[in-house]
>>> print(open('data27.txt').read())   # compact mmCIF, N, CA and C atoms
# COMPACT_ATOMS: atom_id res chain seq x y z
N MET A 235 0.85 -1.16 0.00
CA MET A 235 0.00 0.00 0.00
C MET A 235 0.90 1.23 0.00
N LEU A 236 0.80 2.10 -1.00
CA LEU A 236 1.68 3.25 -1.13
C LEU A 236 1.33 4.37 -0.17
N MET A 237 0.08 4.81 -0.13
CA MET A 237 -0.32 5.89 0.76
C MET A 237 -1.44 5.41 1.68
N GLY A 238 -1.24 4.30 2.36
CA GLY A 238 -2.29 3.72 3.19
C GLY A 238 -2.35 4.35 4.57
N TRP A 239 -3.24 3.83 5.38
CA TRP A 239 -3.37 4.25 6.77
C TRP A 239 -2.40 3.43 7.60
N PHE A 240 -1.85 4.04 8.62
CA PHE A 240 -0.89 3.36 9.46
C PHE A 240 -1.30 3.47 10.92
N ARG A 241 -1.00 2.43 11.67
CA ARG A 241 -1.25 2.46 13.10
C ARG A 241 -0.15 3.27 13.77
N LYS A 242 -0.36 3.59 15.03
CA LYS A 242 0.66 4.33 15.78
C LYS A 242 1.99 3.59 15.80
N ASP A 243 1.93 2.24 15.72
CA ASP A 243 3.18 1.47 15.73
C ASP A 243 3.85 1.42 14.37
N GLY A 244 3.26 2.09 13.36
CA GLY A 244 3.86 2.18 12.03
C GLY A 244 3.51 1.04 11.10
N THR A 245 2.72 0.09 11.55
CA THR A 245 2.36 -1.02 10.68
C THR A 245 1.13 -0.68 9.86
N ASP A 246 0.95 -1.42 8.77
CA ASP A 246 -0.21 -1.22 7.90
C ASP A 246 -1.47 -1.56 8.66
N GLY A 247 -2.43 -0.65 8.67
CA GLY A 247 -3.68 -0.86 9.39
C GLY A 247 -4.59 -1.86 8.70
N GLY A 248 -4.39 -2.08 7.40
CA GLY A 248 -5.23 -3.02 6.66
C GLY A 248 -6.69 -2.70 6.83
N SER A 249 -7.53 -3.72 6.85
CA SER A 249 -8.98 -3.51 6.97
C SER A 249 -9.40 -3.35 8.42
N GLY A 250 -8.50 -3.56 9.36
CA GLY A 250 -8.86 -3.45 10.77
C GLY A 250 -8.53 -2.08 11.33
N ALA A 251 -8.67 -1.05 10.53
CA ALA A 251 -8.33 0.30 11.00
C ALA A 251 -9.20 0.68 12.19
N SER A 252 -8.58 1.36 13.14
CA SER A 252 -9.30 1.80 14.34
C SER A 252 -9.28 3.32 14.41
N ASP A 253 -9.92 3.86 15.44
CA ASP A 253 -9.98 5.31 15.63
C ASP A 253 -8.61 5.91 15.94
N THR A 254 -7.64 5.10 16.38
CA THR A 254 -6.32 5.63 16.73
C THR A 254 -5.40 5.72 15.53
N ASP A 255 -5.83 5.20 14.37
CA ASP A 255 -5.01 5.27 13.17
C ASP A 255 -4.97 6.70 12.65
N VAL A 256 -3.77 7.13 12.24
CA VAL A 256 -3.60 8.50 11.74
C VAL A 256 -2.80 8.45 10.45
N HIS A 257 -3.30 9.11 9.45
CA HIS A 257 -2.60 9.19 8.17
C HIS A 257 -1.43 10.16 8.34
N PRO A 258 -0.22 9.80 7.85
CA PRO A 258 0.95 10.68 8.03
C PRO A 258 0.73 12.10 7.51
N LEU A 259 0.06 12.24 6.38
CA LEU A 259 -0.18 13.57 5.86
C LEU A 259 -1.14 14.37 6.74
N GLN A 260 -2.06 13.68 7.40
CA GLN A 260 -2.99 14.34 8.31
C GLN A 260 -2.24 14.90 9.52
N GLN A 261 -1.22 14.18 9.99
CA GLN A 261 -0.42 14.66 11.12
C GLN A 261 0.23 15.99 10.79
N VAL A 262 0.80 16.12 9.60
CA VAL A 262 1.44 17.36 9.17
C VAL A 262 0.41 18.47 9.11
N THR A 263 -0.74 18.19 8.50
CA THR A 263 -1.80 19.19 8.39
C THR A 263 -2.25 19.65 9.77
N ASP A 264 -2.44 18.72 10.70
CA ASP A 264 -2.86 19.07 12.06
C ASP A 264 -1.82 19.93 12.75
N LEU A 265 -0.54 19.59 12.59
CA LEU A 265 0.54 20.38 13.20
C LEU A 265 0.58 21.78 12.61
N GLU A 266 0.49 21.87 11.30
CA GLU A 266 0.50 23.18 10.65
C GLU A 266 -0.68 24.03 11.11
N ARG A 267 -1.84 23.41 11.23
CA ARG A 267 -3.03 24.13 11.69
C ARG A 267 -2.85 24.60 13.13
N ALA A 268 -2.31 23.73 13.97
CA ALA A 268 -2.10 24.09 15.37
C ALA A 268 -1.10 25.25 15.49
N LEU A 269 -0.03 25.22 14.70
CA LEU A 269 0.94 26.30 14.74
C LEU A 269 0.36 27.60 14.22
N ALA A 270 -0.43 27.52 13.17
CA ALA A 270 -1.09 28.72 12.63
C ALA A 270 -2.09 29.28 13.64
N ASP A 271 -2.83 28.40 14.30
CA ASP A 271 -3.77 28.84 15.33
C ASP A 271 -3.05 29.51 16.49
N ARG A 272 -1.89 28.95 16.90
CA ARG A 272 -1.10 29.53 17.98
C ARG A 272 -0.65 30.93 17.61
N GLN A 273 -0.16 31.10 16.38
CA GLN A 273 0.29 32.42 15.94
C GLN A 273 -0.87 33.42 15.92
N ALA A 274 -2.03 32.98 15.46
CA ALA A 274 -3.20 33.87 15.43
C ALA A 274 -3.60 34.29 16.84
N LEU A 275 -3.56 33.36 17.79
CA LEU A 275 -3.91 33.69 19.17
C LEU A 275 -2.88 34.64 19.79
N ILE A 276 -1.61 34.44 19.49
CA ILE A 276 -0.58 35.35 19.99
C ILE A 276 -0.82 36.76 19.45
N GLN A 277 -1.10 36.86 18.16
CA GLN A 277 -1.35 38.17 17.57
C GLN A 277 -2.58 38.83 18.18
N MET A 278 -3.62 38.05 18.46
CA MET A 278 -4.82 38.59 19.10
C MET A 278 -4.50 39.10 20.51
N CYS A 279 -3.67 38.37 21.24
CA CYS A 279 -3.28 38.81 22.59
C CYS A 279 -2.47 40.11 22.52
N LEU A 280 -1.57 40.23 21.54
CA LEU A 280 -0.80 41.47 21.39
C LEU A 280 -1.72 42.63 21.05
N TYR A 281 -2.69 42.39 20.21
CA TYR A 281 -3.69 43.40 19.86
C TYR A 281 -4.43 43.86 21.13
N ALA A 282 -4.85 42.89 21.94
CA ALA A 282 -5.57 43.21 23.18
C ALA A 282 -4.67 43.96 24.16
N LEU A 283 -3.40 43.56 24.26
CA LEU A 283 -2.46 44.25 25.14
C LEU A 283 -2.30 45.71 24.77
N ASP A 284 -2.22 45.99 23.48
CA ASP A 284 -2.04 47.36 23.01
C ASP A 284 -3.23 48.25 23.37
N ARG A 285 -4.39 47.64 23.59
CA ARG A 285 -5.60 48.41 23.84
C ARG A 285 -6.10 48.31 25.27
N ALA A 286 -5.44 47.49 26.08
CA ALA A 286 -5.88 47.29 27.47
C ALA A 286 -5.69 48.57 28.28
N ARG A 287 -6.68 48.91 29.05
CA ARG A 287 -6.65 50.10 29.91
C ARG A 287 -6.29 49.74 31.35
N SER A 288 -6.38 48.47 31.68
CA SER A 288 -6.15 48.01 33.04
C SER A 288 -4.76 47.37 33.15
N GLY A 289 -4.00 47.81 34.14
CA GLY A 289 -2.70 47.20 34.40
C GLY A 289 -2.82 45.73 34.75
N GLY A 290 -3.90 45.37 35.43
CA GLY A 290 -4.14 43.97 35.79
C GLY A 290 -4.38 43.10 34.57
N VAL A 291 -5.11 43.62 33.59
CA VAL A 291 -5.37 42.87 32.36
C VAL A 291 -4.06 42.69 31.59
N VAL A 292 -3.26 43.76 31.50
CA VAL A 292 -1.97 43.68 30.81
C VAL A 292 -1.09 42.62 31.48
N GLU A 293 -1.03 42.68 32.81
CA GLU A 293 -0.20 41.72 33.55
C GLU A 293 -0.66 40.29 33.31
N ARG A 294 -1.96 40.05 33.32
CA ARG A 294 -2.49 38.70 33.12
C ARG A 294 -2.21 38.19 31.71
N LEU A 295 -2.39 39.06 30.70
CA LEU A 295 -2.09 38.66 29.33
C LEU A 295 -0.60 38.34 29.16
N GLU A 296 0.26 39.17 29.75
CA GLU A 296 1.70 38.91 29.65
C GLU A 296 2.08 37.61 30.35
N GLU A 297 1.45 37.33 31.50
CA GLU A 297 1.73 36.06 32.20
C GLU A 297 1.30 34.87 31.34
N GLY A 298 0.13 34.98 30.73
CA GLY A 298 -0.35 33.89 29.87
C GLY A 298 0.55 33.67 28.67
N LEU A 299 0.99 34.75 28.05
CA LEU A 299 1.91 34.63 26.92
C LEU A 299 3.25 34.04 27.36
N ALA A 300 3.75 34.48 28.51
CA ALA A 300 5.03 33.97 29.02
C ALA A 300 4.95 32.46 29.28
N ALA A 301 3.78 31.99 29.67
CA ALA A 301 3.61 30.56 29.94
C ALA A 301 3.79 29.70 28.69
N ILE A 302 3.60 30.31 27.52
CA ILE A 302 3.79 29.55 26.27
C ILE A 302 5.06 29.98 25.53
N GLY A 303 5.93 30.75 26.21
CA GLY A 303 7.23 31.11 25.64
C GLY A 303 7.29 32.46 24.95
N VAL A 304 6.26 33.29 25.10
CA VAL A 304 6.27 34.62 24.49
C VAL A 304 6.60 35.63 25.59
N GLN A 305 7.78 36.25 25.48
CA GLN A 305 8.26 37.16 26.51
C GLN A 305 8.10 38.62 26.11
N ALA A 306 7.69 39.45 27.08
CA ALA A 306 7.64 40.89 26.89
C ALA A 306 9.07 41.42 26.93
N LEU A 307 9.37 42.38 26.06
CA LEU A 307 10.71 42.97 25.99
C LEU A 307 10.65 44.44 26.39
N ARG A 308 11.29 44.75 27.50
CA ARG A 308 11.44 46.12 27.98
C ARG A 308 12.91 46.31 28.30
N PRO A 309 13.69 46.77 27.33
CA PRO A 309 15.14 46.81 27.48
C PRO A 309 15.70 48.04 28.21
N ASP A 310 14.93 48.64 29.10
CA ASP A 310 15.41 49.81 29.84
C ASP A 310 16.77 49.50 30.49
N GLY A 311 17.71 50.41 30.30
CA GLY A 311 19.04 50.25 30.88
C GLY A 311 20.01 49.44 30.04
N GLU A 312 19.53 48.84 28.96
CA GLU A 312 20.41 48.06 28.07
C GLU A 312 20.96 48.96 26.97
N ARG A 313 22.05 48.52 26.34
CA ARG A 313 22.59 49.24 25.21
C ARG A 313 21.62 49.11 24.03
N PHE A 314 21.36 50.23 23.35
CA PHE A 314 20.48 50.23 22.19
C PHE A 314 21.08 49.35 21.09
N ASP A 315 20.25 48.47 20.53
CA ASP A 315 20.65 47.58 19.45
C ASP A 315 19.64 47.74 18.32
N PRO A 316 20.02 48.40 17.22
CA PRO A 316 19.06 48.62 16.14
C PRO A 316 18.50 47.34 15.51
N ALA A 317 19.16 46.21 15.73
CA ALA A 317 18.65 44.93 15.22
C ALA A 317 17.53 44.39 16.12
N GLN A 318 17.48 44.87 17.36
CA GLN A 318 16.49 44.36 18.32
C GLN A 318 15.52 45.43 18.83
N HIS A 319 15.87 46.70 18.64
CA HIS A 319 15.07 47.80 19.18
C HIS A 319 14.76 48.80 18.07
N GLU A 320 13.66 49.51 18.23
CA GLU A 320 13.31 50.60 17.32
C GLU A 320 13.39 51.90 18.11
N ALA A 321 14.18 52.85 17.61
CA ALA A 321 14.33 54.13 18.30
C ALA A 321 13.10 55.00 18.04
N GLY A 322 12.49 55.44 19.12
CA GLY A 322 11.32 56.30 19.00
C GLY A 322 11.64 57.74 19.38
N GLY A 323 12.76 57.94 20.01
CA GLY A 323 13.15 59.27 20.44
C GLY A 323 14.47 59.24 21.17
N ALA A 324 14.93 60.43 21.53
CA ALA A 324 16.21 60.54 22.24
C ALA A 324 16.05 61.50 23.40
N VAL A 325 16.85 61.25 24.44
CA VAL A 325 16.93 62.11 25.61
C VAL A 325 18.37 62.58 25.70
N PRO A 326 18.60 63.91 25.68
CA PRO A 326 19.97 64.39 25.77
C PRO A 326 20.58 64.10 27.14
N THR A 327 21.87 63.80 27.13
CA THR A 327 22.58 63.53 28.38
C THR A 327 23.99 64.10 28.31
N ASP A 328 24.50 64.52 29.46
CA ASP A 328 25.89 64.96 29.58
C ASP A 328 26.79 63.80 30.01
N ASP A 329 26.18 62.73 30.45
CA ASP A 329 26.93 61.57 30.95
C ASP A 329 27.33 60.66 29.79
N PRO A 330 28.62 60.58 29.47
CA PRO A 330 29.06 59.74 28.35
C PRO A 330 28.76 58.25 28.57
N ALA A 331 28.63 57.83 29.82
CA ALA A 331 28.33 56.42 30.10
C ALA A 331 26.90 56.06 29.69
N LEU A 332 26.02 57.05 29.63
CA LEU A 332 24.62 56.79 29.25
C LEU A 332 24.40 56.85 27.74
N ASP A 333 25.32 57.43 27.00
CA ASP A 333 25.16 57.57 25.55
C ASP A 333 24.91 56.21 24.90
N GLY A 334 23.76 56.07 24.23
CA GLY A 334 23.42 54.81 23.55
C GLY A 334 22.69 53.81 24.42
N ILE A 335 22.34 54.19 25.64
CA ILE A 335 21.60 53.31 26.56
C ILE A 335 20.11 53.60 26.44
N VAL A 336 19.29 52.57 26.52
CA VAL A 336 17.84 52.74 26.47
C VAL A 336 17.39 53.41 27.76
N ALA A 337 16.78 54.59 27.61
CA ALA A 337 16.28 55.33 28.77
C ALA A 337 14.92 54.82 29.20
N GLU A 338 14.08 54.48 28.22
CA GLU A 338 12.71 54.08 28.52
C GLU A 338 12.12 53.30 27.35
N THR A 339 11.27 52.34 27.68
CA THR A 339 10.53 51.61 26.65
C THR A 339 9.19 52.31 26.45
N GLU A 340 8.95 52.78 25.24
CA GLU A 340 7.69 53.45 24.90
C GLU A 340 6.60 52.44 24.58
N VAL A 341 6.95 51.42 23.77
CA VAL A 341 6.01 50.36 23.39
C VAL A 341 6.73 49.03 23.63
N THR A 342 6.12 48.19 24.43
CA THR A 342 6.70 46.89 24.76
C THR A 342 6.85 46.04 23.50
N GLY A 343 7.98 45.37 23.40
CA GLY A 343 8.20 44.42 22.32
C GLY A 343 7.92 43.01 22.81
N PHE A 344 7.93 42.05 21.88
CA PHE A 344 7.68 40.66 22.26
C PHE A 344 8.52 39.72 21.41
N ALA A 345 8.96 38.63 22.04
CA ALA A 345 9.71 37.58 21.36
C ALA A 345 9.06 36.24 21.68
N ASP A 346 8.91 35.41 20.66
CA ASP A 346 8.40 34.05 20.81
C ASP A 346 9.62 33.14 20.84
N HIS A 347 10.01 32.75 22.04
CA HIS A 347 11.27 32.05 22.28
C HIS A 347 12.39 32.95 21.73
N ASP A 348 13.11 32.55 20.70
CA ASP A 348 14.21 33.38 20.18
C ASP A 348 13.79 34.21 18.97
N ARG A 349 12.54 34.13 18.55
CA ARG A 349 12.09 34.85 17.35
C ARG A 349 11.41 36.16 17.75
N LEU A 350 11.95 37.27 17.25
CA LEU A 350 11.39 38.58 17.54
C LEU A 350 10.06 38.74 16.83
N LEU A 351 9.00 38.97 17.60
CA LEU A 351 7.68 39.21 17.02
C LEU A 351 7.47 40.69 16.76
N ARG A 352 7.89 41.51 17.72
CA ARG A 352 7.73 42.94 17.60
C ARG A 352 8.85 43.60 18.40
N ALA A 353 9.61 44.45 17.72
CA ALA A 353 10.70 45.16 18.40
C ALA A 353 10.12 46.20 19.35
N PRO A 354 10.71 46.35 20.54
CA PRO A 354 10.25 47.40 21.43
C PRO A 354 10.64 48.76 20.86
N ILE A 355 9.75 49.74 21.02
CA ILE A 355 10.06 51.11 20.62
C ILE A 355 10.59 51.81 21.86
N VAL A 356 11.78 52.37 21.74
CA VAL A 356 12.47 52.89 22.92
C VAL A 356 12.95 54.33 22.74
N THR A 357 13.17 54.98 23.87
CA THR A 357 13.82 56.28 23.91
C THR A 357 15.25 56.02 24.35
N VAL A 358 16.20 56.63 23.67
CA VAL A 358 17.62 56.35 23.90
C VAL A 358 18.33 57.60 24.37
N TYR A 359 19.22 57.43 25.36
CA TYR A 359 20.06 58.54 25.77
C TYR A 359 21.04 58.87 24.66
N ALA A 360 21.21 60.16 24.38
CA ALA A 360 22.16 60.62 23.36
C ALA A 360 22.99 61.75 23.93
N LYS A 361 24.29 61.69 23.71
CA LYS A 361 25.21 62.71 24.21
C LYS A 361 24.84 64.07 23.62
N LYS A 362 24.76 65.06 24.50
CA LYS A 362 24.47 66.42 24.06
C LYS A 362 25.60 66.92 23.18
N ASN A 363 25.23 67.68 22.16
CA ASN A 363 26.24 68.34 21.32
C ASN A 363 26.73 69.59 22.04
N PRO A 364 28.07 69.81 22.02
CA PRO A 364 28.61 70.99 22.72
C PRO A 364 28.21 72.30 22.06
>>> encode(input="data27.txt", output="structure tokens")
Amino acid sequence: MLMGWFRKDGTDGGSGASDTDVHPLQQVTDLERALADRQALIQMCLYALDRARSGGVVERLEEGLAAIGVQALRPDGERFDPAQHEAGGAVPTDDPALDGIVAETEVTGFADHDRLLRAPIVTVYAKKNP
């Protein structure tokens, strides 16, 4: 049988197919659907976070996302990295040690494990011109 049904143990199900038999192509389709559904739910949560008026709601949504590997990114105090952050503004500073450091996160970013979903928009300290 070229494209037959297979049991979980990998053997040909023949005519005695049961409810536990799964077609290999169906497994791929189910996985792809589950991953697409996960991405859609993550995007819906980010949409809700952007519009939430309650700090408690924001906190709960972030906790739920963190439980599935989606982390909020607030890089305050870190060195600005244009590959990971989006500059939204600058704050002048006389302190050379602060030049290029993220002063504040304007819009929270998010990463799904190691994949950046949305870069945080940040305000960066910039050395004052003399």
>>> atom_distance(input="data27.txt", atom1="atom C of Pro309 of chain A", atom2="atom C of Asp328 of chain A")
19.4 Å
>>> select_by_dssp(input="data27.txt", residues="segment 254-330 of chain A", states="strand (DSSP E)", output="PyMOL selection string")
chain A and resi 304-307+320-327
>>> atom_distance(input="data27.txt", atom1="atom CA of Asp329 of chain A", atom2="atom CA of Phe344 of chain A")
29.7 Å
>>> residues_around(input="data27.txt", residues="Asp315 of chain A", least_positions_apart="5", cutoff="8 Å", atoms="only N, CA and C atoms", output="PyMOL selection string")
chain A and resi 320-321+334-336
>>> atom_distance(input="data27.txt", atom1="atom N of Arg349 of chain A", atom2="atom N of His319 of chain A")
13.0 Å
>>> closest_residue(input="data27.txt", among="A:Leu259, A:Val358, A:Ala353, A:Leu280", to="Ala317 of chain A", atoms="only N, CA and C atoms")
A:Ala353
>>> closest_residue(input="data27.txt", among="A:Ser288, A:Tyr359, A:Leu275, A:Gln260", to="Thr327 of chain A", atoms="only N, CA and C atoms")
A:Tyr359
>>> select_by_dssp(input="data27.txt", residues="segment 248-330 of chain A", states="alpha helix (DSSP H)", output="VMD selection string")
chain A and resid 258 to 285 289 to 301
>>> residues_around(input="data27.txt", residues="Ala345 of chain A", least_positions_apart="4", cutoff="8 Å", atoms="all atoms listed in the file", output="PyMOL selection string")
chain A and resi 303-307+349-353
>>> write_last_selection(input="data27.txt", atoms="N, CA and C atoms", output="tab-separated table (two decimals), in the frame of the given file")
chain	number	residue	atom	x	y	z
A	303	GLY	N	5.93	30.75	26.21
A	303	GLY	CA	7.23	31.11	25.64
A	303	GLY	C	7.29	32.46	24.95
A	304	VAL	N	6.26	33.29	25.10
A	304	VAL	CA	6.27	34.62	24.49
A	304	VAL	C	6.60	35.63	25.59
A	305	GLN	N	7.78	36.25	25.48
A	305	GLN	CA	8.26	37.16	26.51
A	305	GLN	C	8.10	38.62	26.11
A	306	ALA	N	7.69	39.45	27.08
A	306	ALA	CA	7.64	40.89	26.89
A	306	ALA	C	9.07	41.42	26.93
A	307	LEU	N	9.37	42.38	26.06
A	307	LEU	CA	10.71	42.97	25.99
A	307	LEU	C	10.65	44.44	26.39
A	349	ARG	N	12.54	34.13	18.55
A	349	ARG	CA	12.09	34.85	17.35
A	349	ARG	C	11.41	36.16	17.75
A	350	LEU	N	11.95	37.27	17.25
A	350	LEU	CA	11.39	38.58	17.54
A	350	LEU	C	10.06	38.74	16.83
A	351	LEU	N	9.00	38.97	17.60
A	351	LEU	CA	7.68	39.21	17.02
A	351	LEU	C	7.47	40.69	16.76
A	352	ARG	N	7.89	41.51	17.72
A	352	ARG	CA	7.73	42.94	17.60
A	352	ARG	C	8.85	43.60	18.40
A	353	ALA	N	9.61	44.45	17.72
A	353	ALA	CA	10.70	45.16	18.40
A	353	ALA	C	10.12	46.20	19.35
